[in-house]
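Pasted below: data-v7.txt, compact mmCIF, C-alpha atoms.
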# COMPACT_ATOMS: atom_id res chain seq x y z
CA MET O 30 93.80 101.41 106.20
CA LYS O 31 91.92 99.00 108.45
CA ILE O 32 93.35 96.33 110.75
CA CYS O 33 91.55 93.04 110.09
CA GLN O 34 91.91 89.36 110.84
CA VAL O 35 91.52 86.79 108.08
CA GLU O 36 88.76 84.23 108.63
CA LYS O 37 88.49 82.03 105.54
CA THR O 38 88.22 81.83 101.78
CA LEU O 39 84.93 82.79 100.15
CA VAL O 40 83.59 80.87 97.17
CA ALA O 41 81.44 82.71 94.63
CA THR O 42 81.16 80.81 91.38
CA ALA O 43 78.63 83.12 89.73
CA ARG O 44 80.52 86.40 89.41
CA ILE O 45 81.20 89.25 86.99
CA GLY O 46 84.06 88.66 84.57
CA GLN O 47 86.22 91.52 85.86
CA LEU O 48 86.68 89.76 89.23
CA GLY O 49 88.73 87.07 87.48
CA ASN O 50 89.97 84.26 89.67
CA ARG O 51 91.56 86.40 92.38
CA ARG O 52 91.29 84.97 95.85
CA LEU O 53 88.52 86.47 98.02
CA LEU O 54 88.78 86.28 101.80
CA VAL O 55 86.28 86.92 104.56
CA VAL O 56 87.95 89.29 107.05
CA LYS O 57 86.79 90.72 110.35
CA GLU O 58 87.72 94.27 111.31
CA ARG O 59 89.45 94.63 114.67
CA GLY O 60 87.03 95.48 117.47
CA SER O 61 83.96 94.90 115.30
CA SER O 62 81.67 91.97 114.62
CA GLY O 63 81.21 92.98 111.01
CA LYS O 64 82.64 90.82 108.27
CA GLN O 65 83.77 92.06 104.89
CA VAL O 66 85.24 90.50 101.78
CA ALA O 67 88.76 91.45 100.72
CA VAL O 68 90.88 90.67 97.66
CA ASP O 69 94.15 89.02 98.66
CA PRO O 70 97.18 89.70 96.44
CA VAL O 71 99.59 88.97 99.32
CA GLY O 72 98.86 85.33 100.20
CA CYS O 73 97.31 85.21 103.68
CA LYS O 74 96.15 82.34 105.82
CA PRO O 75 93.27 82.21 108.32
CA GLY O 76 94.17 83.95 111.57
CA ASP O 77 96.60 86.43 110.01
CA TRP O 78 96.25 90.05 111.07
CA VAL O 79 96.39 92.18 107.95
CA ILE O 80 96.28 95.76 106.69
CA VAL O 81 93.41 96.32 104.26
CA VAL O 82 93.00 99.37 102.03
CA GLY O 83 89.63 100.68 100.89
CA SER O 84 88.36 103.51 98.68
CA SER O 85 89.72 103.85 95.14
CA ALA O 86 93.19 102.76 96.32
CA ALA O 87 91.81 99.22 96.60
CA ARG O 88 91.71 99.02 92.83
CA THR O 89 95.36 99.99 92.42
CA ALA O 90 96.37 97.65 95.24
CA ALA O 91 94.62 94.76 93.47
CA GLY O 92 96.91 95.30 90.51
CA SER O 93 94.89 97.44 88.11
CA ASN O 94 92.70 100.55 88.16
CA ASP O 95 90.06 98.51 86.36
CA TYR O 96 89.85 95.80 89.00
CA PRO O 97 86.51 96.14 90.84
CA SER O 98 87.71 95.96 94.46
CA ASP O 99 86.93 98.36 97.28
CA PHE O 100 88.85 96.36 99.95
CA THR O 101 92.28 94.88 99.21
CA ILE O 102 94.86 93.40 101.58
CA VAL O 103 98.18 95.24 101.27
CA GLY O 104 100.28 93.62 104.01
CA ILE O 105 100.46 91.10 106.83
CA ILE O 106 101.21 92.60 110.25
CA ASP O 107 104.35 90.99 111.75
CA TYR O 108 103.10 91.12 115.30
CA TRP O 109 99.72 92.16 116.67
CA GLU O 110 98.78 92.16 120.36
CA GLU O 111 96.74 88.98 120.54
CA THR O 112 95.82 89.47 124.15
CA GLU O 113 94.21 92.76 123.32
CA LYS O 114 92.29 90.92 120.64
CA GLU O 115 90.98 88.34 123.11
CA MET O 116 89.57 91.04 125.32
CA LYS O 117 87.93 93.22 122.73
CA GLN O 118 86.44 90.80 120.24
CA MET T 16 83.20 94.28 99.66
CA LYS T 17 80.08 93.79 101.73
CA ILE T 18 78.13 90.60 102.33
CA CYS T 19 74.43 91.26 101.65
CA GLN T 20 71.21 89.35 101.12
CA VAL T 21 68.91 90.22 98.23
CA GLU T 22 65.38 91.25 99.20
CA LYS T 23 63.52 92.33 96.08
CA THR T 24 63.49 94.40 92.92
CA LEU T 25 63.04 98.16 93.27
CA VAL T 26 60.96 100.10 90.77
CA ALA T 27 61.88 103.72 90.07
CA THR T 28 60.27 104.97 86.90
CA ALA T 29 61.39 108.60 87.24
CA ARG T 30 65.18 108.38 87.03
CA ILE T 31 68.19 110.04 85.45
CA GLY T 32 69.07 108.83 81.97
CA GLN T 33 72.48 107.42 82.91
CA LEU T 34 70.85 104.74 85.10
CA GLY T 35 69.45 103.12 81.96
CA ASN T 36 67.27 100.09 82.49
CA ARG T 37 69.69 98.15 84.69
CA ARG T 38 68.03 96.09 87.39
CA LEU T 39 68.06 97.66 90.86
CA LEU T 40 67.73 95.45 93.93
CA VAL T 41 67.03 96.21 97.57
CA VAL T 42 69.72 94.41 99.60
CA LYS T 43 70.27 94.10 103.34
CA GLU T 44 73.80 94.06 104.72
CA ARG T 45 74.64 91.07 106.91
CA GLY T 46 74.18 91.82 110.61
CA SER T 47 72.48 95.16 109.96
CA SER T 48 68.90 96.33 109.58
CA GLY T 49 69.88 98.91 106.98
CA LYS T 50 68.74 98.47 103.41
CA GLN T 51 70.56 99.73 100.39
CA VAL T 52 70.01 99.66 96.65
CA ALA T 53 72.46 97.75 94.45
CA VAL T 54 72.87 97.40 90.70
CA ASP T 55 72.71 93.74 89.63
CA PRO T 56 74.78 92.73 86.58
CA VAL T 57 74.94 89.11 87.78
CA GLY T 58 71.29 88.01 87.85
CA CYS T 59 70.28 87.40 91.47
CA LYS T 60 67.05 86.26 93.02
CA PRO T 61 65.51 87.19 96.39
CA GLY T 62 67.26 85.37 99.25
CA ASP T 63 70.64 85.11 97.51
CA TRP T 64 73.69 86.04 99.59
CA VAL T 65 75.88 88.26 97.44
CA ILE T 66 79.15 90.20 97.41
CA VAL T 67 78.59 93.89 96.77
CA VAL T 68 81.32 96.37 95.89
CA GLY T 69 81.14 100.07 96.77
CA SER T 70 83.28 103.16 96.21
CA SER T 71 84.42 104.02 92.69
CA ALA T 72 84.85 100.33 91.87
CA ALA T 73 81.05 100.06 91.74
CA ARG T 74 81.10 102.04 88.50
CA THR T 75 83.56 99.69 86.80
CA ALA T 76 81.70 96.66 88.13
CA ALA T 77 78.46 97.98 86.60
CA GLY T 78 80.14 97.88 83.20
CA SER T 79 81.36 101.43 82.64
CA ASN T 80 83.22 104.17 84.50
CA ASP T 81 80.38 106.51 83.56
CA TYR T 82 77.66 104.40 85.17
CA PRO T 83 76.40 106.20 88.31
CA SER T 84 76.50 103.30 90.81
CA ASP T 85 78.14 103.27 94.23
CA PHE T 86 76.98 99.72 95.10
CA THR T 87 77.16 96.90 92.54
CA ILE T 88 76.75 93.15 93.02
CA VAL T 89 79.86 91.31 91.80
CA GLY T 90 79.12 87.70 92.77
CA ILE T 91 76.72 85.27 94.39
CA ILE T 92 78.14 83.40 97.40
CA ASP T 93 77.94 79.62 96.85
CA TYR T 94 77.25 78.83 100.48
CA TRP T 95 76.65 81.13 103.42
CA GLU T 96 76.00 80.01 106.98
CA GLU T 97 72.26 80.49 107.21
CA THR T 98 72.07 79.47 110.82
CA GLU T 99 74.45 82.24 111.71
CA LYS T 100 72.14 84.54 109.81
CA GLU T 101 69.14 83.48 111.81
CA MET T 102 70.86 84.28 115.07
CA LYS T 103 72.31 87.65 114.19
CA GLN T 104 69.64 89.34 112.14
CA MET S 4 72.71 103.62 96.77
CA LYS S 5 70.78 104.85 99.79
CA ILE S 6 67.02 105.02 100.28
CA CYS S 7 66.08 108.50 101.52
CA GLN S 8 63.02 110.67 101.96
CA VAL S 9 63.01 114.26 100.74
CA GLU S 10 62.35 116.89 103.42
CA LYS S 11 62.74 120.31 101.85
CA THR S 12 64.82 122.66 99.75
CA LEU S 13 67.99 124.10 101.29
CA VAL S 14 69.01 127.68 100.60
CA ALA S 15 72.71 128.54 100.59
CA THR S 16 73.37 131.86 98.94
CA ALA S 17 77.08 132.02 99.74
CA ARG S 18 78.52 129.06 97.85
CA ILE S 19 81.44 128.05 95.63
CA GLY S 20 80.98 128.76 91.92
CA GLN S 21 81.12 125.10 90.85
CA LEU S 22 77.84 124.37 92.69
CA GLY S 23 75.99 126.56 90.18
CA ASN S 24 72.29 126.98 90.76
CA ARG S 25 71.43 123.29 91.05
CA ARG S 26 68.68 122.51 93.50
CA LEU S 27 69.86 121.22 96.89
CA LEU S 28 67.51 119.17 99.05
CA VAL S 29 67.65 118.08 102.68
CA VAL S 30 67.04 114.32 102.73
CA LYS S 31 66.74 111.85 105.58
CA GLU S 32 68.11 108.34 105.18
CA ARG S 33 65.63 105.54 105.87
CA GLY S 34 65.83 104.26 109.43
CA SER S 35 68.17 107.05 110.53
CA SER S 36 67.72 110.45 112.12
CA GLY S 37 70.64 111.90 110.18
CA LYS S 38 70.00 114.48 107.53
CA GLN S 39 72.13 115.03 104.48
CA VAL S 40 72.10 117.38 101.52
CA ALA S 41 71.57 115.94 98.03
CA VAL S 42 71.71 117.43 94.56
CA ASP S 43 68.42 116.89 92.70
CA PRO S 44 68.61 116.47 88.91
CA VAL S 45 65.32 114.52 88.86
CA GLY S 46 62.77 117.01 90.24
CA CYS S 47 61.54 115.74 93.61
CA LYS S 48 59.00 117.11 96.03
CA PRO S 49 58.94 116.87 99.84
CA GLY S 50 57.86 113.42 101.02
CA ASP S 51 59.20 111.55 97.98
CA TRP S 52 61.21 108.39 98.66
CA VAL S 53 64.29 108.51 96.47
CA ILE S 54 67.44 106.59 95.53
CA VAL S 55 70.58 108.62 96.24
CA VAL S 56 74.04 107.75 94.97
CA GLY S 57 77.23 108.68 96.83
CA SER S 58 80.96 108.30 96.27
CA SER S 59 82.49 109.52 93.00
CA ALA S 60 79.39 108.36 91.08
CA ALA S 61 77.54 111.34 92.58
CA ARG S 62 79.56 113.64 90.35
CA THR S 63 78.63 111.78 87.16
CA ALA S 64 75.01 111.55 88.28
CA ALA S 65 74.91 115.33 88.75
CA GLY S 66 75.77 115.74 85.09
CA SER S 67 79.56 116.25 85.05
CA ASN S 68 82.68 114.73 86.59
CA ASP S 69 83.64 118.24 87.68
CA TYR S 70 80.46 118.85 89.68
CA PRO S 71 81.30 118.83 93.40
CA SER S 72 78.57 116.49 94.69
CA ASP S 73 79.00 113.42 96.88
CA PHE S 74 75.24 112.71 97.14
CA THR S 75 72.97 112.93 94.11
CA ILE S 76 69.39 111.75 93.65
CA VAL S 77 69.14 109.31 90.72
CA GLY S 78 65.51 108.19 90.90
CA ILE S 79 62.15 108.43 92.66
CA ILE S 80 60.88 105.12 94.08
CA ASP S 81 57.43 104.29 92.65
CA TYR S 82 56.17 102.72 95.85
CA TRP S 83 57.79 102.45 99.25
CA GLU S 84 56.24 100.77 102.28
CA GLU S 85 55.08 103.79 104.25
CA THR S 86 53.78 101.77 107.14
CA GLU S 87 57.22 100.31 107.63
CA LYS S 88 58.46 103.89 107.67
CA GLU S 89 56.05 104.90 110.40
CA MET S 90 57.24 102.12 112.67
CA LYS S 91 60.98 102.50 112.22
CA GLN S 92 61.54 106.23 112.10
CA MET H 9 89.84 115.15 107.37
CA LYS H 10 89.93 113.29 110.65
CA ILE H 11 91.63 114.30 113.89
CA CYS H 12 93.74 111.39 115.15
CA GLN H 13 96.45 110.69 117.68
CA VAL H 14 99.54 108.71 116.69
CA GLU H 15 100.12 105.52 118.67
CA LYS H 16 103.11 103.70 117.19
CA THR H 17 104.82 102.35 114.09
CA LEU H 18 103.38 99.25 112.46
CA VAL H 19 105.64 96.58 110.98
CA ALA H 20 104.38 94.57 108.03
CA THR H 21 107.21 92.79 106.25
CA ALA H 22 105.03 90.82 103.81
CA ARG H 23 103.39 93.54 101.71
CA ILE H 24 102.51 94.42 98.13
CA GLY H 25 105.27 96.13 96.17
CA GLN H 26 103.35 99.39 95.65
CA LEU H 27 103.45 100.15 99.41
CA GLY H 28 107.23 100.61 99.15
CA ASN H 29 109.01 101.37 102.39
CA ARG H 30 106.81 104.27 103.49
CA ARG H 31 106.28 104.51 107.20
CA LEU H 32 102.96 103.13 108.47
CA LEU H 33 101.55 104.34 111.79
CA VAL H 34 98.75 103.06 113.99
CA VAL H 35 96.51 106.05 114.76
CA LYS H 36 93.42 106.40 116.92
CA GLU H 37 90.61 108.70 115.84
CA ARG H 38 89.56 111.31 118.39
CA GLY H 39 86.60 110.20 120.50
CA SER H 40 86.72 106.64 119.18
CA SER H 41 88.34 103.41 120.27
CA GLY H 42 88.94 102.32 116.69
CA LYS H 43 92.47 102.13 115.38
CA GLN H 44 93.48 102.62 111.79
CA VAL H 45 96.72 102.56 109.83
CA ALA H 46 97.94 105.76 108.20
CA VAL H 47 100.80 106.55 105.83
CA ASP H 48 103.09 109.22 107.31
CA PRO H 49 104.82 111.57 104.86
CA VAL H 50 105.17 114.28 107.54
CA GLY H 51 107.32 112.64 110.22
CA CYS H 52 105.21 112.17 113.36
CA LYS H 53 106.04 110.76 116.75
CA PRO H 54 103.80 108.82 119.14
CA GLY H 55 101.36 111.12 120.96
CA ASP H 56 101.15 113.70 118.17
CA TRP H 57 97.67 114.89 117.22
CA VAL H 58 97.44 114.87 113.46
CA ILE H 59 95.12 115.63 110.53
CA VAL H 60 94.53 112.56 108.37
CA VAL H 61 92.95 112.60 104.92
CA GLY H 62 90.97 109.67 103.51
CA SER H 63 89.19 108.86 100.25
CA SER H 64 91.06 109.23 96.96
CA ALA H 65 92.88 112.31 98.28
CA ALA H 66 94.96 109.97 100.45
CA ARG H 67 96.75 108.76 97.34
CA THR H 68 97.72 112.27 96.23
CA ALA H 69 98.74 113.17 99.77
CA ALA H 70 101.06 110.14 99.89
CA GLY H 71 102.92 111.59 96.92
CA SER H 72 101.43 109.78 93.90
CA ASN H 73 98.02 108.88 92.50
CA ASP H 74 99.30 105.31 92.19
CA TYR H 75 100.16 104.94 95.86
CA PRO H 76 97.65 102.56 97.50
CA SER H 77 96.71 104.59 100.60
CA ASP H 78 93.23 105.47 101.82
CA PHE H 79 94.45 107.27 104.98
CA THR H 80 97.42 109.66 104.88
CA ILE H 81 98.65 112.13 107.49
CA VAL H 82 98.76 115.66 106.05
CA GLY H 83 99.71 117.77 109.07
CA ILE H 84 100.54 117.88 112.77
CA ILE H 85 98.16 120.00 114.87
CA ASP H 86 100.11 122.70 116.75
CA TYR H 87 97.92 122.60 119.82
CA TRP H 88 95.07 120.29 120.68
CA GLU H 89 93.03 120.45 123.89
CA GLU H 90 94.57 117.58 125.82
CA THR H 91 92.22 117.94 128.74
CA GLU H 92 89.28 117.41 126.45
CA LYS H 93 91.05 114.29 125.24
CA GLU H 94 91.39 112.94 128.75
CA MET H 95 87.68 113.26 129.37
CA LYS H 96 86.37 111.86 126.12
CA GLN H 97 88.63 108.94 125.31
CA MET J 7 76.81 116.51 101.54
CA LYS J 8 76.87 116.90 105.29
CA ILE J 9 75.37 119.66 107.41
CA CYS J 10 78.01 120.93 109.85
CA GLN J 11 78.61 123.85 112.18
CA VAL J 12 81.93 125.68 112.14
CA GLU J 13 83.82 125.70 115.44
CA LYS J 14 87.19 127.35 114.89
CA THR J 15 90.35 127.58 112.83
CA LEU J 16 92.89 124.78 113.14
CA VAL J 17 96.61 125.51 113.11
CA ALA J 18 98.97 122.90 111.71
CA THR J 19 102.36 124.35 110.94
CA ALA J 20 104.05 121.05 110.01
CA ARG J 21 102.13 119.90 106.95
CA ILE J 22 102.64 118.41 103.49
CA GLY J 23 103.35 120.93 100.73
CA GLN J 24 100.20 120.15 98.74
CA LEU J 25 97.98 121.54 101.55
CA GLY J 26 99.36 125.02 100.82
CA ASN J 27 98.10 127.77 103.07
CA ARG J 28 94.38 127.08 102.67
CA ARG J 29 92.31 127.70 105.75
CA LEU J 30 91.42 124.61 107.77
CA LEU J 31 88.40 124.66 110.08
CA VAL J 32 87.23 122.33 112.82
CA VAL J 33 83.58 121.51 112.08
CA LYS J 34 81.02 119.46 113.97
CA GLU J 35 78.49 117.40 112.06
CA ARG J 36 74.84 118.04 112.94
CA GLY J 37 73.53 115.62 115.54
CA SER J 38 76.96 114.15 116.22
CA SER J 39 79.71 114.84 118.73
CA GLY J 40 82.41 114.01 116.20
CA LYS J 41 84.65 116.76 114.92
CA GLN J 42 86.29 116.83 111.53
CA VAL J 43 88.58 119.17 109.66
CA ALA J 44 87.32 120.90 106.53
CA VAL J 45 88.96 123.08 103.91
CA ASP J 46 87.18 126.44 103.63
CA PRO J 47 87.16 128.12 100.19
CA VAL J 48 83.99 130.10 101.06
CA GLY J 49 85.05 132.21 104.03
CA CYS J 50 83.11 131.04 107.10
CA LYS J 51 83.08 132.24 110.67
CA PRO J 52 82.59 130.24 113.88
CA GLY J 53 78.92 129.32 114.40
CA ASP J 54 78.04 129.21 110.70
CA TRP J 55 76.01 126.22 109.52
CA VAL J 56 77.60 124.96 106.35
CA ILE J 57 77.31 122.31 103.62
CA VAL J 58 80.42 120.15 103.40
CA VAL J 59 81.23 117.78 100.55
CA GLY J 60 83.31 114.63 101.00
CA SER J 61 84.62 111.85 98.77
CA SER J 62 86.59 112.72 95.64
CA ALA J 63 84.36 115.77 95.04
CA ALA J 64 86.13 117.47 97.96
CA ARG J 65 89.23 117.81 95.81
CA THR J 66 87.39 119.54 92.98
CA ALA J 67 85.53 121.75 95.46
CA ALA J 68 88.86 122.86 96.96
CA GLY J 69 89.84 124.19 93.56
CA SER J 70 91.94 121.40 92.01
CA ASN J 71 91.82 117.64 91.52
CA ASP J 72 95.31 117.50 93.01
CA TYR J 73 94.34 119.18 96.27
CA PRO J 74 94.43 116.59 99.08
CA SER J 75 91.07 117.30 100.74
CA ASP J 76 88.33 114.79 101.57
CA PHE J 77 86.05 117.37 103.26
CA THR J 78 85.48 120.81 101.72
CA ILE J 79 82.92 123.47 102.58
CA VAL J 80 80.81 124.36 99.52
CA GLY J 81 78.23 126.76 100.95
CA ILE J 82 76.87 128.57 103.99
CA ILE J 83 73.26 127.73 104.85
CA ASP J 84 71.13 130.90 104.92
CA TYR J 85 68.91 129.75 107.75
CA TRP J 86 69.13 126.64 109.87
CA GLU J 87 66.70 125.75 112.66
CA GLU J 88 68.75 126.72 115.68
CA THR J 89 66.19 125.54 118.17
CA GLU J 90 66.37 122.09 116.69
CA LYS J 91 70.12 122.35 117.13
CA GLU J 92 69.82 123.18 120.80
CA MET J 93 67.70 120.13 121.46
CA LYS J 94 69.67 117.56 119.53
CA GLN J 95 73.31 118.42 120.17
Can you turn what I pasted into structure tokens?
Amino acid sequence: MKICQVEKTLVATARIGQLGNRRLLVVKERGSSGKQVAVDPVGCKPGDWVIVVGSSAARTAAGSNDYPSDFTIVGIIDYWEETEKEMKQ
Amino acid sequence: MKICQVEKTLVATARIGQLGNRRLLVVKERGSSGKQVAVDPVGCKPGDWVIVVGSSAARTAAGSNDYPSDFTIVGIIDYWEETEKEMKQ
Amino acid sequence: MKICQVEKTLVATARIGQLGNRRLLVVKERGSSGKQVAVDPVGCKPGDWVIVVGSSAARTAAGSNDYPSDFTIVGIIDYWEETEKEMKQ
Amino acid sequence: MKICQVEKTLVATARIGQLGNRRLLVVKERGSSGKQVAVDPVGCKPGDWVIVVGSSAARTAAGSNDYPSDFTIVGIIDYWEETEKEMKQ
Amino acid sequence: MKICQVEKTLVATARIGQLGNRRLLVVKERGSSGKQVAVDPVGCKPGDWVIVVGSSAARTAAGSNDYPSDFTIVGIIDYWEETEKEMKQ
């Protein structure tokens, strides 16, 4: 699983039906400038450091094997070294 | 899921039967020069910023677990910072 | 799906039984120096620009969910900007 | 499978129910500065060099196809060249 | 599938039960310094150039959908340009 920081909510009105109205968040992987979109079944807020699962496990983590996610938040990290973050990102 | 921008339609007349006549688009991932091909069940136009799902979820998102896609557009982003785009790409 | 160019056939006499006698091709991903091996159910020739699917969809695309492929050609691109190719690769 | 070194335990109190109370470890892939989170069904300690499986096999390795892991430790390497580690990381 | 060269056998006495006693090899991907661990159902020796399958197909290739592999050798390449190897690696 990846260590990411939540940036903000992403709005996509035109979408396939299977996505439903689940909350989509823009997240940034630790030590990288790349941004990805993750499904959030946990309830995160911007700035949270989270654990995000990919691969086929992202479907299960989103609540159903038919849910079309490849990146789903599975937990919020209690404490993450913020100083390290400041230096590397 | 990845954040990509749609470039254009891709024509591939010689193809396996399972691909059917679904629309294939060339998309460019945000912050990268790499181009990939995505299945489009949403109806996008060139220039749209979209959310694209990979892994096994791309099959479900394309409408069937038997559809041979590993990259399927699931939504069009309502608003994406274009200025940021200009600087990074 | 990835955009690749076919280089040549790959011969591997010692192989697992599930691979069967399907044709294996060395392909080079666009804009990269990395070479991969793809299963070819379409019938490509060296120099062709092709669409290649990965992940679990590569099994379906090869004709069976039990076929051990993670990279299968699904179509030949009708026209690909060759000049662009010359500059970037 | 990847070759990683265990760093420490990761605490994430707010998590989805499917994660259960399995132990999560921060691991660092050999030759990379990137850190990932792995499920540990083996019982590792910080400093151990381990084999970690990804993709859908990470679910099976965690004990159930419904477990939402994409990175699971499957074994502890008996001996790994530590000097090589010192030079490359 | 990836093109890799076999380096040596990897010993991991403490392992999950599902791994069984299959042979694990350290392999190096062509043109990369990264090392990975692959399951070997073919019977390779150090120095062999091999085709390795990843993703969920690695489970099937290892002999069972329940086998926790994400990287399995599926064939030995009959002839690989060794001179090219010397220059690029």
Test item: chain H residues at most 8 Å from chain O, counting all atoms listed in the file, as a list in words: Leu18, Val19, Ala20, Thr21, Ala22, Arg23, Ile24, Gln26, Leu27, Gly42, Lys43, Gln44, Val45, Ala46, Ser63, Ser64, Arg67, Asp74, Tyr75, Pro76, Ser77, Asp78 and Phe79 of chain H
Distance of CA of Val14 in chain H from CA of Val34 in chain H, expressed in Å to one decimal place: 6.3 Å
Computed interatomic separation between CA of Leu40 in chain T and CA of Asp51 in chain S (Å):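 CA of Asp51 in chain S lies at a distance of 18.7 Å from CA of Leu40 in chain T.
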Interatomic distance, CA of Lys37 in chain O to CA of Arg51 in chain O (Å, one decimal):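 Rounded to one decimal, the two atoms are 14.2 Å apart.
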Missing atoms in range 72-79 of chain J: fill them in up to all heavy atoms and send the result as a PDB file, in the frame of the given file.
ATOM      1  N   ASP J  72      94.092 117.934  92.328  1.00  0.00           N
ATOM      2  CA  ASP J  72      95.310 117.500  93.010  1.00  0.00           C
ATOM      3  C   ASP J  72      95.348 117.953  94.465  1.00  0.00           C
ATOM      4  O   ASP J  72      96.300 117.654  95.184  1.00  0.00           O
ATOM      5  CB  ASP J  72      96.545 118.047  92.279  1.00  0.00           C
ATOM      6  CG  ASP J  72      96.690 117.428  90.908  1.00  0.00           C
ATOM      7  OD1 ASP J  72      96.282 116.269  90.750  1.00  0.00           O
ATOM      8  OD2 ASP J  72      97.214 118.097  90.001  1.00  0.00           O
ATOM      9  N   TYR J  73      94.327 118.704  94.887  1.00  0.00           N
ATOM     10  CA  TYR J  73      94.340 119.180  96.270  1.00  0.00           C
ATOM     11  C   TYR J  73      93.910 118.045  97.195  1.00  0.00           C
ATOM     12  O   TYR J  73      92.858 117.431  96.989  1.00  0.00           O
ATOM     13  CB  TYR J  73      93.433 120.394  96.449  1.00  0.00           C
ATOM     14  CG  TYR J  73      93.669 121.056  97.777  1.00  0.00           C
ATOM     15  CD1 TYR J  73      94.679 121.996  97.932  1.00  0.00           C
ATOM     16  CD2 TYR J  73      92.927 120.689  98.896  1.00  0.00           C
ATOM     17  CE1 TYR J  73      94.931 122.576  99.160  1.00  0.00           C
ATOM     18  CE2 TYR J  73      93.179 121.257 100.132  1.00  0.00           C
ATOM     19  CZ  TYR J  73      94.181 122.197 100.250  1.00  0.00           C
ATOM     20  OH  TYR J  73      94.436 122.761 101.482  1.00  0.00           O
ATOM     21  N   PRO J  74      94.716 117.756  98.239  1.00  0.00           N
ATOM     22  CA  PRO J  74      94.430 116.590  99.080  1.00  0.00           C
ATOM     23  C   PRO J  74      93.380 116.833 100.161  1.00  0.00           C
ATOM     24  O   PRO J  74      93.667 116.740 101.356  1.00  0.00           O
ATOM     25  CB  PRO J  74      95.798 116.272  99.682  1.00  0.00           C
ATOM     26  CG  PRO J  74      96.471 117.597  99.784  1.00  0.00           C
ATOM     27  CD  PRO J  74      95.991 118.405  98.607  1.00  0.00           C
ATOM     28  N   SER J  75      92.145 117.132  99.766  1.00  0.00           N
ATOM     29  CA  SER J  75      91.070 117.300 100.740  1.00  0.00           C
ATOM     30  C   SER J  75      90.024 116.206 100.538  1.00  0.00           C
ATOM     31  O   SER J  75      89.720 115.820  99.412  1.00  0.00           O
ATOM     32  CB  SER J  75      90.391 118.661 100.566  1.00  0.00           C
ATOM     33  OG  SER J  75      89.214 118.721 101.368  1.00  0.00           O
ATOM     34  N   ASP J  76      89.458 115.713 101.652  1.00  0.00           N
ATOM     35  CA  ASP J  76      88.330 114.790 101.570  1.00  0.00           C
ATOM     36  C   ASP J  76      87.099 115.393 102.257  1.00  0.00           C
ATOM     37  O   ASP J  76      86.112 114.701 102.498  1.00  0.00           O
ATOM     38  CB  ASP J  76      88.655 113.425 102.182  1.00  0.00           C
ATOM     39  CG  ASP J  76      88.884 113.491 103.684  1.00  0.00           C
ATOM     40  OD1 ASP J  76      88.924 114.602 104.252  1.00  0.00           O
ATOM     41  OD2 ASP J  76      89.029 112.429 104.305  1.00  0.00           O
ATOM     42  N   PHE J  77      87.156 116.721 102.555  1.00  0.00           N
ATOM     43  CA  PHE J  77      86.050 117.370 103.260  1.00  0.00           C
ATOM     44  C   PHE J  77      86.187 118.874 103.014  1.00  0.00           C
ATOM     45  O   PHE J  77      87.048 119.528 103.611  1.00  0.00           O
ATOM     46  CB  PHE J  77      86.140 117.045 104.758  1.00  0.00           C
ATOM     47  CG  PHE J  77      84.794 116.909 105.454  1.00  0.00           C
ATOM     48  CD1 PHE J  77      83.803 116.099 104.936  1.00  0.00           C
ATOM     49  CD2 PHE J  77      84.540 117.568 106.653  1.00  0.00           C
ATOM     50  CE1 PHE J  77      82.577 115.956 105.582  1.00  0.00           C
ATOM     51  CE2 PHE J  77      83.320 117.431 107.315  1.00  0.00           C
ATOM     52  CZ  PHE J  77      82.336 116.619 106.769  1.00  0.00           C
ATOM     53  N   THR J  78      85.356 119.417 102.129  1.00  0.00           N
ATOM     54  CA  THR J  78      85.480 120.810 101.720  1.00  0.00           C
ATOM     55  C   THR J  78      84.136 121.518 101.840  1.00  0.00           C
ATOM     56  O   THR J  78      83.115 120.998 101.365  1.00  0.00           O
ATOM     57  CB  THR J  78      85.983 120.895 100.255  1.00  0.00           C
ATOM     58  OG1 THR J  78      87.210 120.190 100.125  1.00  0.00           O
ATOM     59  CG2 THR J  78      86.174 122.344  99.831  1.00  0.00           C
ATOM     60  N   ILE J  79      84.139 122.676 102.456  1.00  0.00           N
ATOM     61  CA  ILE J  79      82.920 123.470 102.580  1.00  0.00           C
ATOM     62  C   ILE J  79      82.534 124.033 101.215  1.00  0.00           C
ATOM     63  O   ILE J  79      83.387 124.569 100.516  1.00  0.00           O
ATOM     64  CB  ILE J  79      83.114 124.619 103.606  1.00  0.00           C
ATOM     65  CG1 ILE J  79      83.368 124.026 104.997  1.00  0.00           C
ATOM     66  CG2 ILE J  79      81.920 125.563 103.615  1.00  0.00           C
ATOM     67  CD1 ILE J  79      83.804 125.038 106.046  1.00  0.00           C
TER      68      ILE J  79
END
